[in-house]
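Shown next: run-v7.cif, containing mmCIF, C-alpha atoms and all ligand atoms.
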```cif
data_my_file
#
loop_
_atom_site.group_PDB
_atom_site.id
_atom_site.type_symbol
_atom_site.label_atom_id
_atom_site.label_comp_id
_atom_site.auth_asym_id
_atom_site.auth_seq_id
_atom_site.Cartn_x
_atom_site.Cartn_y
_atom_site.Cartn_z
ATOM 1 C CA MET A 1 71.830 -9.157 118.737
ATOM 2 C CA ASP A 2 70.628 -5.775 117.392
ATOM 3 C CA LEU A 3 68.764 -5.934 114.069
ATOM 4 C CA TRP A 4 68.074 -2.737 112.140
ATOM 5 C CA TYR A 5 66.169 -1.899 108.941
ATOM 6 C CA THR A 6 67.999 0.959 107.220
ATOM 7 C CA GLU A 7 66.849 3.033 104.262
ATOM 8 C CA ASN A 8 68.909 5.654 102.459
ATOM 9 C CA HIS A 9 66.794 8.791 102.345
ATOM 10 C CA THR A 10 69.579 10.443 100.346
ATOM 11 C CA ASP A 11 73.164 9.382 99.631
ATOM 12 C CA ASP A 12 74.100 11.175 102.870
ATOM 13 C CA VAL A 13 71.105 10.499 105.103
ATOM 14 C CA LYS A 14 69.985 7.167 106.537
ATOM 15 C CA PHE A 15 66.794 6.288 108.419
ATOM 16 C CA SER A 16 66.774 3.197 110.669
ATOM 17 C CA ILE A 17 64.221 1.249 112.692
ATOM 18 C CA ARG A 18 65.214 -1.433 115.189
ATOM 19 C CA ILE A 19 63.407 -4.595 114.110
ATOM 20 C CA LYS A 20 62.298 -7.632 116.046
ATOM 21 C CA GLU A 21 62.400 -9.913 113.023
ATOM 22 C CA GLN A 22 61.985 -10.154 109.284
ATOM 23 C CA ILE A 23 58.790 -12.171 108.768
ATOM 24 C CA TYR A 24 58.624 -12.292 104.945
ATOM 25 C CA HIS A 25 60.834 -11.880 101.926
ATOM 26 C CA ASP A 26 60.055 -12.661 98.298
ATOM 27 C CA LYS A 27 60.826 -11.364 94.859
ATOM 28 C CA SER A 28 57.835 -10.810 92.578
ATOM 29 C CA PRO A 29 58.197 -10.234 88.813
ATOM 30 C CA PHE A 30 58.083 -6.503 89.691
ATOM 31 C CA GLN A 31 59.924 -5.902 92.971
ATOM 32 C CA ASP A 32 61.448 -7.191 96.216
ATOM 33 C CA ILE A 33 58.865 -7.479 98.992
ATOM 34 C CA ASP A 34 59.899 -7.493 102.666
ATOM 35 C CA PHE A 35 57.887 -7.488 105.896
ATOM 36 C CA PHE A 36 59.351 -6.749 109.339
ATOM 37 C CA THR A 37 58.077 -6.462 112.891
ATOM 38 C CA SER A 38 59.277 -3.693 115.204
ATOM 39 C CA GLU A 39 58.559 -2.293 118.671
ATOM 40 C CA GLU A 40 58.141 1.328 117.546
ATOM 41 C CA PHE A 41 56.216 1.014 114.255
ATOM 42 C CA GLY A 42 54.601 -2.425 114.583
ATOM 43 C CA THR A 43 54.594 -4.486 111.387
ATOM 44 C CA PHE A 44 55.826 -2.647 108.304
ATOM 45 C CA PHE A 45 56.670 -3.517 104.712
ATOM 46 C CA THR A 46 59.021 -2.260 102.021
ATOM 47 C CA LEU A 47 59.179 -2.623 98.231
ATOM 48 C CA ASP A 48 62.646 -2.613 96.679
ATOM 49 C CA GLY A 49 63.991 -1.400 100.035
ATOM 50 C CA LEU A 50 61.670 1.626 100.243
ATOM 51 C CA MET A 51 59.172 2.095 103.072
ATOM 52 C CA MET A 52 55.543 1.609 102.089
ATOM 53 C CA VAL A 53 53.340 1.178 105.135
ATOM 54 C CA THR A 54 53.810 0.863 108.896
ATOM 55 C CA GLU A 55 51.063 -0.028 111.350
ATOM 56 C CA LYS A 56 51.851 3.056 113.417
ATOM 57 C CA ASP A 57 51.636 5.875 110.859
ATOM 58 C CA GLU A 58 49.537 4.442 107.992
ATOM 59 C CA PHE A 59 46.421 6.272 109.288
ATOM 60 C CA ILE A 60 47.975 9.620 108.340
ATOM 61 C CA TYR A 61 48.556 8.659 104.711
ATOM 62 C CA HIS A 62 45.254 6.825 104.248
ATOM 63 C CA ASP A 63 43.128 9.504 105.943
ATOM 64 C CA MET A 64 44.584 12.251 103.786
ATOM 65 C CA ILE A 65 44.445 10.368 100.491
ATOM 66 C CA SER A 66 40.761 9.446 100.864
ATOM 67 C CA HIS A 67 38.845 11.921 103.057
ATOM 68 C CA VAL A 68 40.027 15.113 101.319
ATOM 69 C CA PRO A 69 38.254 14.366 97.995
ATOM 70 C CA MET A 70 35.243 12.832 99.775
ATOM 71 C CA ALA A 71 34.724 16.066 101.740
ATOM 72 C CA VAL A 72 34.695 18.074 98.509
ATOM 73 C CA ASN A 73 32.225 16.003 96.515
ATOM 74 C CA PRO A 74 29.712 13.980 98.562
ATOM 75 C CA GLU A 75 28.284 12.591 95.285
ATOM 76 C CA ILE A 76 31.298 10.362 94.613
ATOM 77 C CA LYS A 77 29.978 6.901 93.785
ATOM 78 C CA ASN A 78 32.405 5.204 91.426
ATOM 79 C CA VAL A 79 36.081 5.161 92.439
ATOM 80 C CA LEU A 80 39.287 3.822 90.900
ATOM 81 C CA VAL A 81 42.353 3.180 93.075
ATOM 82 C CA ILE A 82 45.593 2.590 91.167
ATOM 83 C CA GLY A 83 48.237 0.778 93.232
ATOM 84 C CA GLY A 84 47.369 0.749 96.927
ATOM 85 C CA GLY A 85 48.029 -2.986 97.322
ATOM 86 C CA ASP A 86 48.102 -2.787 101.122
ATOM 87 C CA GLY A 87 44.352 -1.971 101.049
ATOM 88 C CA GLY A 88 44.509 1.052 103.394
ATOM 89 C CA THR A 89 42.984 3.473 100.879
ATOM 90 C CA VAL A 90 40.191 1.027 100.043
ATOM 91 C CA ARG A 91 39.553 0.514 103.788
ATOM 92 C CA GLU A 92 38.905 4.239 104.278
ATOM 93 C CA LEU A 93 36.743 4.522 101.139
ATOM 94 C CA THR A 94 34.507 1.610 102.207
ATOM 95 C CA ARG A 95 33.508 3.653 105.263
ATOM 96 C CA TYR A 96 31.367 5.826 102.959
ATOM 97 C CA LYS A 97 27.901 4.325 102.459
ATOM 98 C CA SER A 98 27.471 6.614 99.428
ATOM 99 C CA ILE A 99 30.241 4.888 97.446
ATOM 100 C CA GLU A 100 28.782 2.184 95.212
ATOM 101 C CA ASN A 101 31.839 0.772 93.443
ATOM 102 C CA ILE A 102 35.611 0.698 94.011
ATOM 103 C CA ASP A 103 37.915 -0.734 91.325
ATOM 104 C CA MET A 104 41.455 -1.321 92.592
ATOM 105 C CA VAL A 105 44.173 -1.961 89.999
ATOM 106 C CA GLU A 106 47.374 -3.280 91.520
ATOM 107 C CA ILE A 107 50.215 -4.491 89.306
ATOM 108 C CA ASP A 108 51.605 -6.908 91.884
ATOM 109 C CA GLU A 109 49.271 -9.614 93.222
ATOM 110 C CA MET A 110 52.019 -10.807 95.578
ATOM 111 C CA VAL A 111 51.863 -7.495 97.491
ATOM 112 C CA VAL A 112 48.140 -7.969 98.096
ATOM 113 C CA LYS A 113 48.584 -11.608 99.156
ATOM 114 C CA ALA A 114 51.338 -10.698 101.628
ATOM 115 C CA CYS A 115 49.343 -7.761 103.034
ATOM 116 C CA ARG A 116 46.299 -9.988 103.526
ATOM 117 C CA GLU A 117 48.505 -12.327 105.552
ATOM 118 C CA TYR A 118 50.671 -9.874 107.530
ATOM 119 C CA LEU A 119 48.826 -6.518 107.499
ATOM 120 C CA PRO A 120 45.128 -7.138 108.277
ATOM 121 C CA LEU A 121 44.996 -3.589 109.695
ATOM 122 C CA THR A 122 45.065 -2.181 106.163
ATOM 123 C CA SER A 123 43.867 -5.124 104.022
ATOM 124 C CA SER A 124 40.729 -5.964 106.036
ATOM 125 C CA LYS A 125 38.217 -4.357 103.642
ATOM 126 C CA LEU A 126 39.527 -5.736 100.361
ATOM 127 C CA ASP A 127 36.690 -8.294 100.492
ATOM 128 C CA ASP A 128 33.946 -5.649 100.750
ATOM 129 C CA SER A 129 31.279 -6.494 98.145
ATOM 130 C CA ARG A 130 31.751 -3.104 96.419
ATOM 131 C CA VAL A 131 35.477 -3.744 95.774
ATOM 132 C CA ASN A 132 36.740 -5.273 92.504
ATOM 133 C CA LEU A 133 40.410 -6.221 92.325
ATOM 134 C CA PHE A 134 42.310 -6.172 89.023
ATOM 135 C CA PHE A 135 45.900 -7.371 88.874
ATOM 136 C CA GLU A 136 47.440 -5.488 85.991
ATOM 137 C CA ASP A 137 49.401 -2.369 85.127
ATOM 138 C CA GLY A 138 47.370 0.751 85.942
ATOM 139 C CA VAL A 139 48.817 2.409 82.828
ATOM 140 C CA ALA A 140 47.151 -0.136 80.512
ATOM 141 C CA PHE A 141 43.930 -0.332 82.567
ATOM 142 C CA ILE A 142 43.237 3.394 82.392
ATOM 143 C CA GLU A 143 43.577 3.484 78.594
ATOM 144 C CA ARG A 144 40.348 1.452 78.297
ATOM 145 C CA LYS A 145 38.271 3.770 80.513
ATOM 146 C CA LYS A 146 36.343 6.821 79.333
ATOM 147 C CA LYS A 147 34.259 9.137 81.582
ATOM 148 C CA GLU A 148 33.628 6.397 84.111
ATOM 149 C CA TYR A 149 34.915 7.502 87.488
ATOM 150 C CA ASP A 150 34.009 10.262 89.953
ATOM 151 C CA LEU A 151 37.334 9.838 91.728
ATOM 152 C CA ILE A 152 40.701 8.334 90.772
ATOM 153 C CA ILE A 153 43.309 7.842 93.507
ATOM 154 C CA ILE A 154 46.879 7.101 92.437
ATOM 155 C CA ASP A 155 48.273 5.341 95.509
ATOM 156 C CA SER A 156 51.594 4.538 93.912
ATOM 157 C CA THR A 157 55.182 3.814 94.714
ATOM 158 C CA ASP A 158 57.849 6.332 93.671
ATOM 159 C CA PRO A 159 58.565 6.791 89.940
ATOM 160 C CA ILE A 160 61.126 3.988 89.921
ATOM 161 C CA GLY A 161 60.421 0.489 88.571
ATOM 162 C CA PRO A 162 56.727 -0.365 88.035
ATOM 163 C CA GLY A 163 55.573 3.021 89.385
ATOM 164 C CA GLU A 164 57.348 5.010 86.680
ATOM 165 C CA GLY A 165 54.483 4.937 84.174
ATOM 166 C CA LEU A 166 52.146 6.439 86.784
ATOM 167 C CA PHE A 167 53.985 9.776 86.634
ATOM 168 C CA THR A 168 53.870 10.429 82.870
ATOM 169 C CA LYS A 169 51.943 13.090 80.970
ATOM 170 C CA SER A 170 50.104 10.479 78.883
ATOM 171 C CA PHE A 171 48.995 8.643 82.032
ATOM 172 C CA TYR A 172 47.602 11.847 83.582
ATOM 173 C CA THR A 173 45.835 12.612 80.295
ATOM 174 C CA ASN A 174 44.259 9.158 80.339
ATOM 175 C CA CYS A 175 43.147 9.745 83.955
ATOM 176 C CA TYR A 176 41.512 12.989 82.795
ATOM 177 C CA LEU A 177 39.657 11.086 80.065
ATOM 178 C CA ALA A 178 38.617 8.306 82.477
ATOM 179 C CA LEU A 179 37.048 10.830 84.866
ATOM 180 C CA LYS A 180 33.505 12.138 84.537
ATOM 181 C CA ASP A 181 33.022 15.900 84.178
ATOM 182 C CA ASN A 182 32.891 16.301 87.967
ATOM 183 C CA GLY A 183 35.935 14.035 88.442
ATOM 184 C CA ILE A 184 38.716 14.412 91.010
ATOM 185 C CA LEU A 185 42.242 12.979 90.788
ATOM 186 C CA ILE A 186 44.342 12.467 93.913
ATOM 187 C CA ASN A 187 47.962 11.420 93.450
ATOM 188 C CA GLN A 188 50.979 10.524 95.562
ATOM 189 C CA HIS A 189 52.905 13.726 94.855
ATOM 190 C CA GLU A 190 56.320 13.026 96.410
ATOM 191 C CA SER A 191 58.078 15.509 98.720
ATOM 192 C CA PRO A 192 59.515 19.036 98.442
ATOM 193 C CA TYR A 193 62.446 18.455 100.783
ATOM 194 C CA TYR A 194 65.264 16.315 99.405
ATOM 195 C CA ASP A 195 66.472 16.929 95.838
ATOM 196 C CA ARG A 196 65.455 13.618 94.267
ATOM 197 C CA ASP A 197 61.923 13.758 95.712
ATOM 198 C CA LYS A 198 61.649 17.438 94.823
ATOM 199 C CA LYS A 199 62.471 16.689 91.175
ATOM 200 C CA ASN A 200 59.736 14.039 91.102
ATOM 201 C CA MET A 201 57.314 16.458 92.752
ATOM 202 C CA ASN A 202 58.047 19.178 90.183
ATOM 203 C CA ARG A 203 57.675 16.847 87.252
ATOM 204 C CA ALA A 204 54.348 15.474 88.489
ATOM 205 C CA HIS A 205 53.003 18.950 89.262
ATOM 206 C CA LYS A 206 53.967 20.409 85.892
ATOM 207 C CA ARG A 207 52.305 17.544 84.020
ATOM 208 C CA ILE A 208 49.116 17.583 86.093
ATOM 209 C CA LYS A 209 48.837 21.390 85.847
ATOM 210 C CA GLU A 210 49.073 21.104 82.051
ATOM 211 C CA THR A 211 46.283 18.504 82.039
ATOM 212 C CA PHE A 212 43.651 19.623 84.572
ATOM 213 C CA GLU A 213 41.730 22.897 84.988
ATOM 214 C CA ILE A 214 42.393 22.821 88.740
ATOM 215 C CA ALA A 215 45.668 21.450 90.168
ATOM 216 C CA GLU A 216 46.455 22.015 93.840
ATOM 217 C CA VAL A 217 48.836 20.341 96.277
ATOM 218 C CA TYR A 218 48.378 19.554 99.983
ATOM 219 C CA GLU A 219 50.722 18.338 102.668
ATOM 220 C CA PHE A 220 50.762 15.838 105.483
ATOM 221 C CA HIS A 221 53.237 14.660 108.050
ATOM 222 C CA MET A 222 54.579 11.149 107.491
ATOM 223 C CA PRO A 223 57.209 10.103 110.067
ATOM 224 C CA THR A 224 58.611 7.168 108.073
ATOM 225 C CA TYR A 225 58.955 8.833 104.636
ATOM 226 C CA PRO A 226 62.064 10.834 103.674
ATOM 227 C CA SER A 227 62.058 14.135 105.632
ATOM 228 C CA GLY A 228 58.600 13.339 107.054
ATOM 229 C CA HIS A 229 57.108 16.061 104.843
ATOM 230 C CA TRP A 230 54.999 14.575 102.074
ATOM 231 C CA LEU A 231 52.428 15.765 99.528
ATOM 232 C CA PHE A 232 49.317 14.659 97.701
ATOM 233 C CA GLY A 233 47.993 16.324 94.549
ATOM 234 C CA PHE A 234 44.330 17.342 94.129
ATOM 235 C CA ALA A 235 43.346 17.875 90.500
ATOM 236 C CA SER A 236 39.907 18.321 89.032
ATOM 237 C CA LYS A 237 37.916 19.466 86.056
ATOM 238 C CA LYS A 238 35.647 21.628 88.203
ATOM 239 C CA PHE A 239 35.998 21.200 91.969
ATOM 240 C CA HIS A 240 38.315 23.396 94.012
ATOM 241 C CA PRO A 241 39.473 21.656 97.210
ATOM 242 C CA LEU A 242 38.774 24.685 99.441
ATOM 243 C CA LYS A 243 36.096 26.741 97.657
ATOM 244 C CA ASP A 244 34.017 23.598 97.143
ATOM 245 C CA LEU A 245 34.689 21.959 100.500
ATOM 246 C CA ASN A 246 31.275 20.705 101.664
ATOM 247 C CA GLU A 247 31.630 20.684 105.435
ATOM 248 C CA LYS A 248 27.936 20.118 106.133
ATOM 249 C CA ALA A 249 27.739 17.045 103.901
ATOM 250 C CA TRP A 250 30.970 15.541 105.261
ATOM 251 C CA LYS A 251 29.787 15.884 108.875
ATOM 252 C CA LEU A 252 26.670 13.868 108.002
ATOM 253 C CA ASN A 253 28.891 10.812 107.428
ATOM 254 C CA GLU A 254 29.703 10.875 111.187
ATOM 255 C CA LEU A 255 33.102 9.294 110.587
ATOM 256 C CA GLU A 256 35.596 9.099 113.406
ATOM 257 C CA THR A 257 39.020 9.827 111.942
ATOM 258 C CA LYS A 258 42.370 9.712 113.684
ATOM 259 C CA TYR A 259 44.182 12.338 111.558
ATOM 260 C CA TYR A 260 41.758 14.053 109.177
ATOM 261 C CA ASN A 261 39.399 16.818 110.245
ATOM 262 C CA LEU A 262 37.845 19.768 108.430
ATOM 263 C CA GLU A 263 40.227 22.376 109.929
ATOM 264 C CA LEU A 264 43.182 20.251 108.880
ATOM 265 C CA HIS A 265 41.671 19.952 105.379
ATOM 266 C CA LYS A 266 41.869 23.734 105.022
ATOM 267 C CA GLY A 267 45.282 24.028 106.642
ATOM 268 C CA ALA A 268 46.835 21.276 104.520
ATOM 269 C CA PHE A 269 46.542 23.429 101.385
ATOM 270 C CA ALA A 270 48.427 26.332 103.038
ATOM 271 C CA LEU A 271 51.923 25.617 101.788
ATOM 272 C CA PRO A 272 55.250 26.916 103.143
ATOM 273 C CA ASN A 273 56.901 29.538 100.926
ATOM 274 C CA TYR A 274 59.748 27.261 99.842
ATOM 275 C CA VAL A 275 57.218 24.669 98.648
ATOM 276 C CA LYS A 276 55.182 27.243 96.708
ATOM 277 C CA LYS A 277 58.379 28.442 95.083
ATOM 278 C CA ALA A 278 59.537 24.916 94.285
ATOM 279 C CA LEU A 279 56.194 24.073 92.668
ATOM 280 C CA ASP A 280 56.534 27.082 90.362
ATOM 281 C CA GLU A 281 60.049 26.162 89.249
HETATM 282 N N1 LIG B 301 51.877 4.229 100.713
HETATM 283 C C1 LIG B 301 52.840 3.827 99.783
HETATM 284 C C2 LIG B 301 53.963 4.797 99.509
HETATM 285 O O1 LIG B 301 53.741 5.841 98.883
HETATM 286 O O2 LIG B 301 55.058 4.507 99.921
HETATM 287 C C3 LIG B 301 52.307 3.326 98.507
HETATM 288 C C4 LIG B 301 51.188 2.365 98.669
HETATM 289 S S1 LIG B 301 51.049 0.971 97.702
HETATM 290 C C5 LIG B 301 51.954 -0.253 98.529
HETATM 291 C C6 LIG B 301 51.856 1.221 96.168
HETATM 292 C C7 LIG B 301 51.547 0.099 95.211
HETATM 293 O O3 LIG B 301 51.587 0.580 93.883
HETATM 294 C C8 LIG B 301 52.493 -1.081 95.282
HETATM 295 O O4 LIG B 301 51.849 -2.185 95.848
HETATM 296 C C9 LIG B 301 52.888 -1.341 93.810
HETATM 297 O O5 LIG B 301 52.943 -2.702 93.450
HETATM 298 C C10 LIG B 301 51.793 -0.579 93.084
HETATM 299 N N2 LIG B 301 52.149 -0.164 91.712
HETATM 300 C C11 LIG B 301 53.348 0.315 91.280
HETATM 301 N N3 LIG B 301 53.294 0.537 89.955
HETATM 302 C C12 LIG B 301 52.047 0.204 89.539
HETATM 303 C C13 LIG B 301 51.401 0.224 88.271
HETATM 304 N N4 LIG B 301 52.036 0.636 87.175
HETATM 305 N N5 LIG B 301 50.101 -0.180 88.206
HETATM 306 C C14 LIG B 301 49.446 -0.591 89.325
HETATM 307 N N6 LIG B 301 50.017 -0.638 90.546
HETATM 308 C C15 LIG B 301 51.298 -0.234 90.661
#
```

Could you express the structure from this file as structure tokens?
Amino acid sequence: MDLWYTENHTDDVKFSIRIKEQIYHDKSPFQDIDFFTSEEFGTFFTLDGLMMVTEKDEFIYHDMISHVPMAVNPEIKNVLVIGGGDGGTVRELTRYKSIENIDMVEIDEMVVKACREYLPLTSSKLDDSRVNLFFEDGVAFIERKKKEYDLIIIDSTDPIGPGEGLFTKSFYTNCYLALKDNGILINQHESPYYDRDKKNMNRAHKRIKETFEIAEVYEFHMPTYPSGHWLFGFASKKFHPLKDLNEKAWKLNELETKYYNLELHKGAFALPNYVKKALDE
């Protein structure tokens, strides 16, 4: 019998993966959590029926969310990750000896438990001694923090359900206040392609641009997300992602990366015309 996982990328577009089996299903107080195995993408998991992480393409997302800011400011020592329950972002950050502390605030402890069990590829470094896990809403957590972090990474779901509060103006303002003067904010910035994602992208960009002195956007190629064309935001009080790129310092880390490199870093900020136009709308 053929078993398929199918996700509606729009009302008129579907994306399907043939699955071997469904290995986990539960409903947390926040969302439906499902894990599947597949030939093409290995193990993958979804929240409320939306793709989060697959073993095959997670390196693209996690390389681009973590190495871009680290190549701009080699002095980053104290990091906050909001969301990111699969642990992939934390895994990449722990590769930097210079990082002293990583706080990860995930609203849903059940996501972390399931990822520890079924996705060791991404969750393997959650027990690093520099990592502190907090299970609460990132919106409330950030309100208590003032000038503490060098880097905040919003590794969130889409602005539906628990992720909604992570796309508001007041949340971005609180991130600004929680960052030190040299702080950098990286956020999951949605996609320019389909209308619903584009609206979310515009909204996030407008709010971040109103909050931070520097607000840029960069792209990466994500085969399992709607359209495959996805964005992260880079916002900062003082660092520009290209003018302040510190190639010499990043090379000293001697990190082997599967997707990220310094040429790609520069190229990722060169946006297609339709994306530039959409961001200005
Ligand atoms: N790579 C993924 C993507 O964009 O599809 C996202 C990674 S991660 C699985 C997103 C996490 O954000 C989820 O585990 C979810 O529980 C968490 N999350 C959603 N809203 C949150 C909130 N308000 N505070 C903290 N974590 C939140």

Subject >> At most 7 Å from ligand LIG 301 (chain B) (only C-alpha atoms and all ligand atoms): residue list as a list of chain:residue names >> reply: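 What falls inside 7 Å of ligand LIG 301 (chain B) is A:Met51, A:Met52, A:Val53, A:Tyr61, A:Ile82, A:Gly83, A:Gly84, A:Gly85, A:Asp86, A:Val105, A:Glu106, A:Ile107, A:Asp108, A:Val111, A:Glu136, A:Asp137, A:Gly138, A:Val139, A:Asp155, A:Ser156, A:Thr157, A:Asp158, A:Pro162, A:Gly163, A:Glu164, A:Gly165, A:Leu166, A:Gln188.
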
**OP:** Given the file shown, determine the residues that the PyMOL selection byres (((chain A and resi 7) around 12) and not hetatm) selects; report them as a PyMOL selection string.
**Re:** chain A and resi 4-6+8-18+46-52+224-226

**OP:** Identify all residues satisfying the PyMOL selection byres (((chain A and resi 66) around 10) and not hetatm) in the given file; provide them as a PyMOL selection string.
**Re:** chain A and resi 61-65+67-71+88-93+151+153+186+260

**OP:** Quick one: apply the PyMOL selection byres (((chain A and resi 193) around 12) and not hetatm) to the file and drop the selected residues here as a PyMOL selection string.
**Re:** chain A and resi 9-10+190-192+194-202+219+225-231+272+274-275+278-279

Original post:
Which residues, protein or nucleic acid, reach to within 7 Å of (32.8, 6.7, 107.1) in the file's coordinates when using all atoms listed in the file, and can you give that as a list in words?
Top reply: Arg95, Tyr96, Asn253, Glu254 and Leu255 of chain A

Please report as a Markdown table every residue of range 124-212 of chain A lying within 10 Å of range 235-246 of chain A, along with the nearest atom pair and their distance in Å (one decimal), using all atoms listed in the file.
```
| residue | atom | partner | partner_atom | distance |
| --- | --- | --- | --- | --- |
| A:Leu151 | CA | A:Ser236 | CA | 9.3 |
| A:Ile152 | CA | A:Ala235 | CA | 9.9 |
| A:Tyr176 | CA | A:Lys237 | CA | 8.1 |
| A:Leu179 | CA | A:Lys237 | CA | 8.8 |
| A:Lys180 | CA | A:Lys237 | CA | 8.7 |
| A:Asp181 | CA | A:Lys237 | CA | 6.3 |
| A:Asn182 | CA | A:Lys238 | CA | 6.0 |
| A:Gly183 | CA | A:Ser236 | CA | 5.9 |
| A:Ile184 | CA | A:Ser236 | CA | 4.5 |
| A:Leu185 | CA | A:Ala235 | CA | 5.0 |
| A:Ile186 | CA | A:Ala235 | CA | 6.5 |
| A:Asn187 | CA | A:Ala235 | CA | 8.5 |
| A:His205 | CA | A:Ala235 | CA | 9.8 |
| A:Ile208 | CA | A:Ala235 | CA | 7.3 |
| A:Lys209 | CA | A:Ala235 | CA | 8.0 |
| A:Thr211 | CA | A:Ala235 | CA | 9.0 |
| A:Phe212 | CA | A:Lys237 | CA | 5.9 |
```
